[in-house]
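**Q** First the structure, which I've put down as structure tokens, then a few questions once you've had a look.
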Protein chains: 2
Amino acid sequence: MLKVVIIGSGNVAQHLIKAFQKSENVILVQAYARNPKSLYHLLDKDIVTDDYNNLAEADVYILSVSDDAITTVSEQLPFNNRFVVHTSGSASLQSLDDRNKRGVFYPLQTFSKNKEVDFNSIPICLDSETESDYKLLEGLAKSISPLTYSIDSRQRQALHIAAVFANNFTNYMYTIGDNICTENNIPFDILKPLIQETANKINTLTPAEAQTGPAKRNDISTIERHLDFIKDENQRAIYTLLTKSIQAQNG
Amino acid sequence: MLKVVIIGSGNVAQHLIKAFQKSENVILVQAYARNPKSLYHLLDKDIVTDDYNNLAEADVYILSVSDDAITTVSEQLPFNNRFVVHTSGSASLQSLDDRNKRGVFYPLQTFSKNKEVDFNSIPICLDSETESDYKLLEGLAKSISPLTYSIDSRQRQALHIAAVFANNFTNYMYTIGDNICTENNIPFDILKPLIQETANKINTLTPAEAQTGPAKRNDISTIERHLDFIKDENQRAIYTLLTKSIQAQNG
């Protein structure tokens, strides 16, 4: 059995707490929260602390705090030579204080407060300084998801950027679609099946193969009609840049 | 029973043929194809023609041809006063020759040749010149999908643009994610659950509510690190423009 302490009480921390509670190979021995009450709906009061000096003994300490806080919090831990990992897609392994053994446990998913997630389909990106630390981390990850990947700091940086495109910017494309619908008295619901199918398609085709639309077809007259229709400067700039980029890929 | 003739043999035409074949309220009396053989895998030879002069009597003629061909084909039809509709998201109702009654039957989905679609979840956008034509068209649409919408030419133009953002540009965001993964020896599979969840989220949240990421958080140091990492000029231009746009929405 792996003993785990989670430090943090945000979205990711809470989802991890729930996932480890369901796992048979992990004991969540304690959680740290600046405001312990924020975790009372999930955990017994006795195992929530707001004092680093009370931290229990564990195999892994998972720092699930904001990127900016990783260094400070890791420096405040009152022990050495234990295994401390963060959960950030963006911070380097080196942002953790080196008095302890360091690692990364980064679940690649978008977490919302009120939406349950199924960890079984969440890839967990792992990094560590030694092979034996990696084995331990892999065991921990496998206890909540079969999808574990060894991803070093540079790859994690790349992956985080790739995720900004595939998640944040994609969602922003939905927002623009929603805005255009609203301005023209069209229910946004009408676009939802298309959005779903767009996401489904890449399970059987590469995104490059799945590309369709006027830019891909080099359908200049449709592109011109669209640009003529779009009055919003921002939407027009985005339409123009993405159309040019797709056309450039056509070769 | 509604009698339908489909003119065209492309992707949309073939998906419509299959959908109408399953419907109990529609008889597909004939299909026109320049190359009749292209439909023999779906239809009995006897009901495929390549001669407009052989077109059978029907309640609705569905022109499922490329946007550029709509006017020419509608002008070649050797009859008047029948009901002729096209399936384009982009062409106006007026692009059909006015010797016949005109309408639009636009299924809003992305169709791939080798991927079955479930018409039950495909919104069909309808337009016509008269109320009675609309009723007929609505009956036809309801025979294959419960999701029918009255969408006029201007709305359809807007919807087509919204779909370019929500489908074509979204897919292009996936392509960039894929490219960044490949360049860094990361399997693209790792992003697929995130992509799926991004699409699922908007079933319970508006896209504006679902927005996350460094631009939304105004996390300047992460944005700067990302821009520092991205070497590809095109990716950098897109990252910059979309980040600025999301930030502008914050304020």
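Please note that chains go A, B, ... in the order of the structure tokens, that every chain numbers its residues from 1, and that ligands are numbered from 1 in the order shown.
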Select all residues from chain A having any atom no more than 7 Å from an atom of chain B (counting only C-alpha atoms, ignoring ligands), output as a PyMOL selection string.
**A** chain A and resi 108-110+121-123+155+158-159+161-177+180-181+184+190-191+193-196+198-199+207-208+211-213+226+242
**Q** Deliver the residues from the most recent selection as a file, using C-alpha atoms, as an mmCIF file, in the first residue's frame.
**A**
data_model
loop_
_atom_site.group_PDB
_atom_site.id
_atom_site.type_symbol
_atom_site.label_atom_id
_atom_site.label_comp_id
_atom_site.auth_asym_id
_atom_site.auth_seq_id
_atom_site.Cartn_x
_atom_site.Cartn_y
_atom_site.Cartn_z
ATOM 1 C CA LEU A 108 -3.665 15.906 -18.450
ATOM 2 C CA GLN A 109 -7.289 16.915 -18.247
ATOM 3 C CA THR A 110 -9.460 19.968 -17.799
ATOM 4 C CA SER A 121 -9.544 7.894 -19.147
ATOM 5 C CA ILE A 122 -7.110 10.543 -17.926
ATOM 6 C CA PRO A 123 -3.480 10.296 -19.088
ATOM 7 C CA GLN A 155 8.097 17.360 -23.372
ATOM 8 C CA ALA A 158 5.430 21.086 -25.316
ATOM 9 C CA LEU A 159 2.440 19.051 -24.198
ATOM 10 C CA ILE A 161 1.285 24.165 -25.268
ATOM 11 C CA ALA A 162 -0.318 21.468 -27.421
ATOM 12 C CA ALA A 163 -3.097 21.283 -24.814
ATOM 13 C CA VAL A 164 -3.600 25.054 -24.965
ATOM 14 C CA PHE A 165 -4.344 24.641 -28.684
ATOM 15 C CA ALA A 166 -6.404 21.454 -28.369
ATOM 16 C CA ASN A 167 -8.377 22.581 -25.319
ATOM 17 C CA ASN A 168 -8.268 26.342 -24.559
ATOM 18 C CA PHE A 169 -8.178 27.592 -28.145
ATOM 19 C CA THR A 170 -10.642 24.956 -29.302
ATOM 20 C CA ASN A 171 -13.044 26.071 -26.608
ATOM 21 C CA TYR A 172 -12.538 29.641 -27.783
ATOM 22 C CA MET A 173 -13.550 28.574 -31.307
ATOM 23 C CA TYR A 174 -16.766 27.272 -29.725
ATOM 24 C CA THR A 175 -17.213 30.675 -28.033
ATOM 25 C CA ILE A 176 -16.959 32.480 -31.351
ATOM 26 C CA GLY A 177 -19.420 30.004 -32.872
ATOM 27 C CA ILE A 180 -22.135 34.316 -34.107
ATOM 28 C CA CYS A 181 -25.226 32.192 -33.413
ATOM 29 C CA ASN A 184 -28.141 35.962 -35.559
ATOM 30 C CA ILE A 190 -27.666 23.472 -33.421
ATOM 31 C CA LEU A 191 -23.834 23.392 -33.471
ATOM 32 C CA PRO A 193 -23.717 17.651 -32.751
ATOM 33 C CA LEU A 194 -21.141 19.063 -35.182
ATOM 34 C CA ILE A 195 -18.762 19.873 -32.331
ATOM 35 C CA GLN A 196 -19.191 16.366 -30.949
ATOM 36 C CA THR A 198 -15.465 16.953 -34.873
ATOM 37 C CA ALA A 199 -14.000 15.602 -31.647
ATOM 38 C CA PRO A 207 -6.580 15.763 -37.637
ATOM 39 C CA ALA A 208 -4.851 16.542 -40.938
ATOM 40 C CA GLN A 211 -9.685 18.697 -42.127
ATOM 41 C CA THR A 212 -12.572 19.977 -44.247
ATOM 42 C CA GLY A 213 -14.018 23.397 -45.080
ATOM 43 C CA HIS A 226 -17.613 34.880 -45.210
ATOM 44 C CA LEU A 242 -6.495 30.433 -39.656
#
**Q** Please list as JSON, numbers by chain every residue within 12 Å of Leu43 in chain B, counting only C-alpha atoms and excluding residues in the same chain fewer than 6 positions away.
**A** {"B": [6, 9, 14, 17, 18, 20, 21, 28, 29, 30, 31, 32, 33, 36, 37, 49]}
**Q** Would you pick out the contacts of Leu136 in chain A at 9 Å or less, using only C-alpha atoms, so that residues sharing its chain but fewer than 6 positions from it are not included, and give the list as a list in words?
**A**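 Answer for this query is Leu2, Asp59 and Val60 of chain A.
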**Q** What parts of range 45-212 of chain A does DSSP call helix (DSSP H, G or I)? I'd like the answer as a PDB file with C-alpha atoms, in the first residue's frame.
**A**
ATOM      1  CA  LYS A  45     -11.425  16.297  10.023  1.00  0.00           C
ATOM      2  CA  ASP A  46      -8.668  14.303  11.723  1.00  0.00           C
ATOM      3  CA  ILE A  47      -6.704  13.857   8.530  1.00  0.00           C
ATOM      4  CA  TYR A  52       3.211  21.871   7.727  1.00  0.00           C
ATOM      5  CA  ASN A  53       4.788  20.768  11.022  1.00  0.00           C
ATOM      6  CA  ASN A  54       1.986  18.245  11.486  1.00  0.00           C
ATOM      7  CA  ASP A  67       2.371  27.097 -10.305  1.00  0.00           C
ATOM      8  CA  ASP A  68       3.570  30.214  -8.524  1.00  0.00           C
ATOM      9  CA  ALA A  69       3.323  28.533  -5.110  1.00  0.00           C
ATOM     10  CA  ILE A  70       5.235  25.323  -5.928  1.00  0.00           C
ATOM     11  CA  THR A  71       8.684  26.622  -4.974  1.00  0.00           C
ATOM     12  CA  THR A  72       7.561  28.412  -1.794  1.00  0.00           C
ATOM     13  CA  VAL A  73       5.490  25.510  -0.520  1.00  0.00           C
ATOM     14  CA  SER A  74       8.213  22.952  -1.274  1.00  0.00           C
ATOM     15  CA  GLU A  75      10.694  25.104   0.653  1.00  0.00           C
ATOM     16  CA  GLN A  76       8.405  25.145   3.695  1.00  0.00           C
ATOM     17  CA  LEU A  93      10.729  19.503 -11.890  1.00  0.00           C
ATOM     18  CA  GLN A  94      13.452  21.882 -10.702  1.00  0.00           C
ATOM     19  CA  SER A  95      10.903  24.322  -9.309  1.00  0.00           C
ATOM     20  CA  PHE A 119      -9.685   9.054 -13.964  1.00  0.00           C
ATOM     21  CA  ASN A 120      -9.664   5.837 -15.973  1.00  0.00           C
ATOM     22  CA  SER A 121      -9.544   7.894 -19.147  1.00  0.00           C
ATOM     23  CA  GLU A 131      14.399   5.009 -11.897  1.00  0.00           C
ATOM     24  CA  SER A 132      13.204   3.804  -8.484  1.00  0.00           C
ATOM     25  CA  ASP A 133      11.252   7.007  -7.856  1.00  0.00           C
ATOM     26  CA  TYR A 134       9.709   6.544 -11.289  1.00  0.00           C
ATOM     27  CA  LYS A 135       8.578   3.003 -10.445  1.00  0.00           C
ATOM     28  CA  LEU A 136       6.914   4.250  -7.280  1.00  0.00           C
ATOM     29  CA  LEU A 137       5.192   7.082  -9.138  1.00  0.00           C
ATOM     30  CA  GLU A 138       4.058   4.741 -11.881  1.00  0.00           C
ATOM     31  CA  GLY A 139       2.517   2.417  -9.295  1.00  0.00           C
ATOM     32  CA  LEU A 140       0.696   5.359  -7.770  1.00  0.00           C
ATOM     33  CA  ALA A 141      -0.579   6.557 -11.159  1.00  0.00           C
ATOM     34  CA  LYS A 142      -1.656   3.074 -12.291  1.00  0.00           C
ATOM     35  CA  SER A 153      10.193  18.607 -18.472  1.00  0.00           C
ATOM     36  CA  ARG A 154      10.766  19.716 -22.030  1.00  0.00           C
ATOM     37  CA  GLN A 155       8.097  17.360 -23.372  1.00  0.00           C
ATOM     38  CA  ARG A 156       5.722  18.471 -20.648  1.00  0.00           C
ATOM     39  CA  GLN A 157       6.203  22.078 -21.712  1.00  0.00           C
ATOM     40  CA  ALA A 158       5.430  21.086 -25.316  1.00  0.00           C
ATOM     41  CA  LEU A 159       2.440  19.051 -24.198  1.00  0.00           C
ATOM     42  CA  HIS A 160       1.094  21.939 -22.186  1.00  0.00           C
ATOM     43  CA  ILE A 161       1.285  24.165 -25.268  1.00  0.00           C
ATOM     44  CA  ALA A 162      -0.318  21.468 -27.421  1.00  0.00           C
ATOM     45  CA  ALA A 163      -3.097  21.283 -24.814  1.00  0.00           C
ATOM     46  CA  VAL A 164      -3.600  25.054 -24.965  1.00  0.00           C
ATOM     47  CA  PHE A 165      -4.344  24.641 -28.684  1.00  0.00           C
ATOM     48  CA  ALA A 166      -6.404  21.454 -28.369  1.00  0.00           C
ATOM     49  CA  ASN A 167      -8.377  22.581 -25.319  1.00  0.00           C
ATOM     50  CA  ASN A 168      -8.268  26.342 -24.559  1.00  0.00           C
ATOM     51  CA  PHE A 169      -8.178  27.592 -28.145  1.00  0.00           C
ATOM     52  CA  THR A 170     -10.642  24.956 -29.302  1.00  0.00           C
ATOM     53  CA  ASN A 171     -13.044  26.071 -26.608  1.00  0.00           C
ATOM     54  CA  TYR A 172     -12.538  29.641 -27.783  1.00  0.00           C
ATOM     55  CA  MET A 173     -13.550  28.574 -31.307  1.00  0.00           C
ATOM     56  CA  TYR A 174     -16.766  27.272 -29.725  1.00  0.00           C
ATOM     57  CA  THR A 175     -17.213  30.675 -28.033  1.00  0.00           C
ATOM     58  CA  ILE A 176     -16.959  32.480 -31.351  1.00  0.00           C
ATOM     59  CA  GLY A 177     -19.420  30.004 -32.872  1.00  0.00           C
ATOM     60  CA  ASP A 178     -21.754  30.697 -29.948  1.00  0.00           C
ATOM     61  CA  ASN A 179     -21.377  34.475 -30.386  1.00  0.00           C
ATOM     62  CA  ILE A 180     -22.135  34.316 -34.107  1.00  0.00           C
ATOM     63  CA  CYS A 181     -25.226  32.192 -33.413  1.00  0.00           C
ATOM     64  CA  THR A 182     -26.482  34.539 -30.708  1.00  0.00           C
ATOM     65  CA  GLU A 183     -26.013  37.632 -32.905  1.00  0.00           C
ATOM     66  CA  PHE A 188     -26.181  27.398 -30.220  1.00  0.00           C
ATOM     67  CA  ASP A 189     -27.568  23.879 -29.662  1.00  0.00           C
ATOM     68  CA  ILE A 190     -27.666  23.472 -33.421  1.00  0.00           C
ATOM     69  CA  LEU A 191     -23.834  23.392 -33.471  1.00  0.00           C
ATOM     70  CA  LYS A 192     -23.399  20.847 -30.685  1.00  0.00           C
ATOM     71  CA  PRO A 193     -23.717  17.651 -32.751  1.00  0.00           C
ATOM     72  CA  LEU A 194     -21.141  19.063 -35.182  1.00  0.00           C
ATOM     73  CA  ILE A 195     -18.762  19.873 -32.331  1.00  0.00           C
ATOM     74  CA  GLN A 196     -19.191  16.366 -30.949  1.00  0.00           C
ATOM     75  CA  GLU A 197     -18.537  14.754 -34.316  1.00  0.00           C
ATOM     76  CA  THR A 198     -15.465  16.953 -34.873  1.00  0.00           C
ATOM     77  CA  ALA A 199     -14.000  15.602 -31.647  1.00  0.00           C
ATOM     78  CA  ASN A 200     -15.031  12.013 -32.458  1.00  0.00           C
ATOM     79  CA  LYS A 201     -13.520  12.043 -35.936  1.00  0.00           C
ATOM     80  CA  PRO A 207      -6.580  15.763 -37.637  1.00  0.00           C
ATOM     81  CA  ALA A 208      -4.851  16.542 -40.938  1.00  0.00           C
ATOM     82  CA  GLU A 209      -6.965  13.878 -42.677  1.00  0.00           C
ATOM     83  CA  ALA A 210     -10.117  15.088 -40.950  1.00  0.00           C
TER      84      ALA A 210
END
**Q** Which is closest to Gly89 in chain B among B:Glu233, B:Val48, B:Asp152, B:Leu39, if we use only C-alpha atoms?
**A** B:Asp152
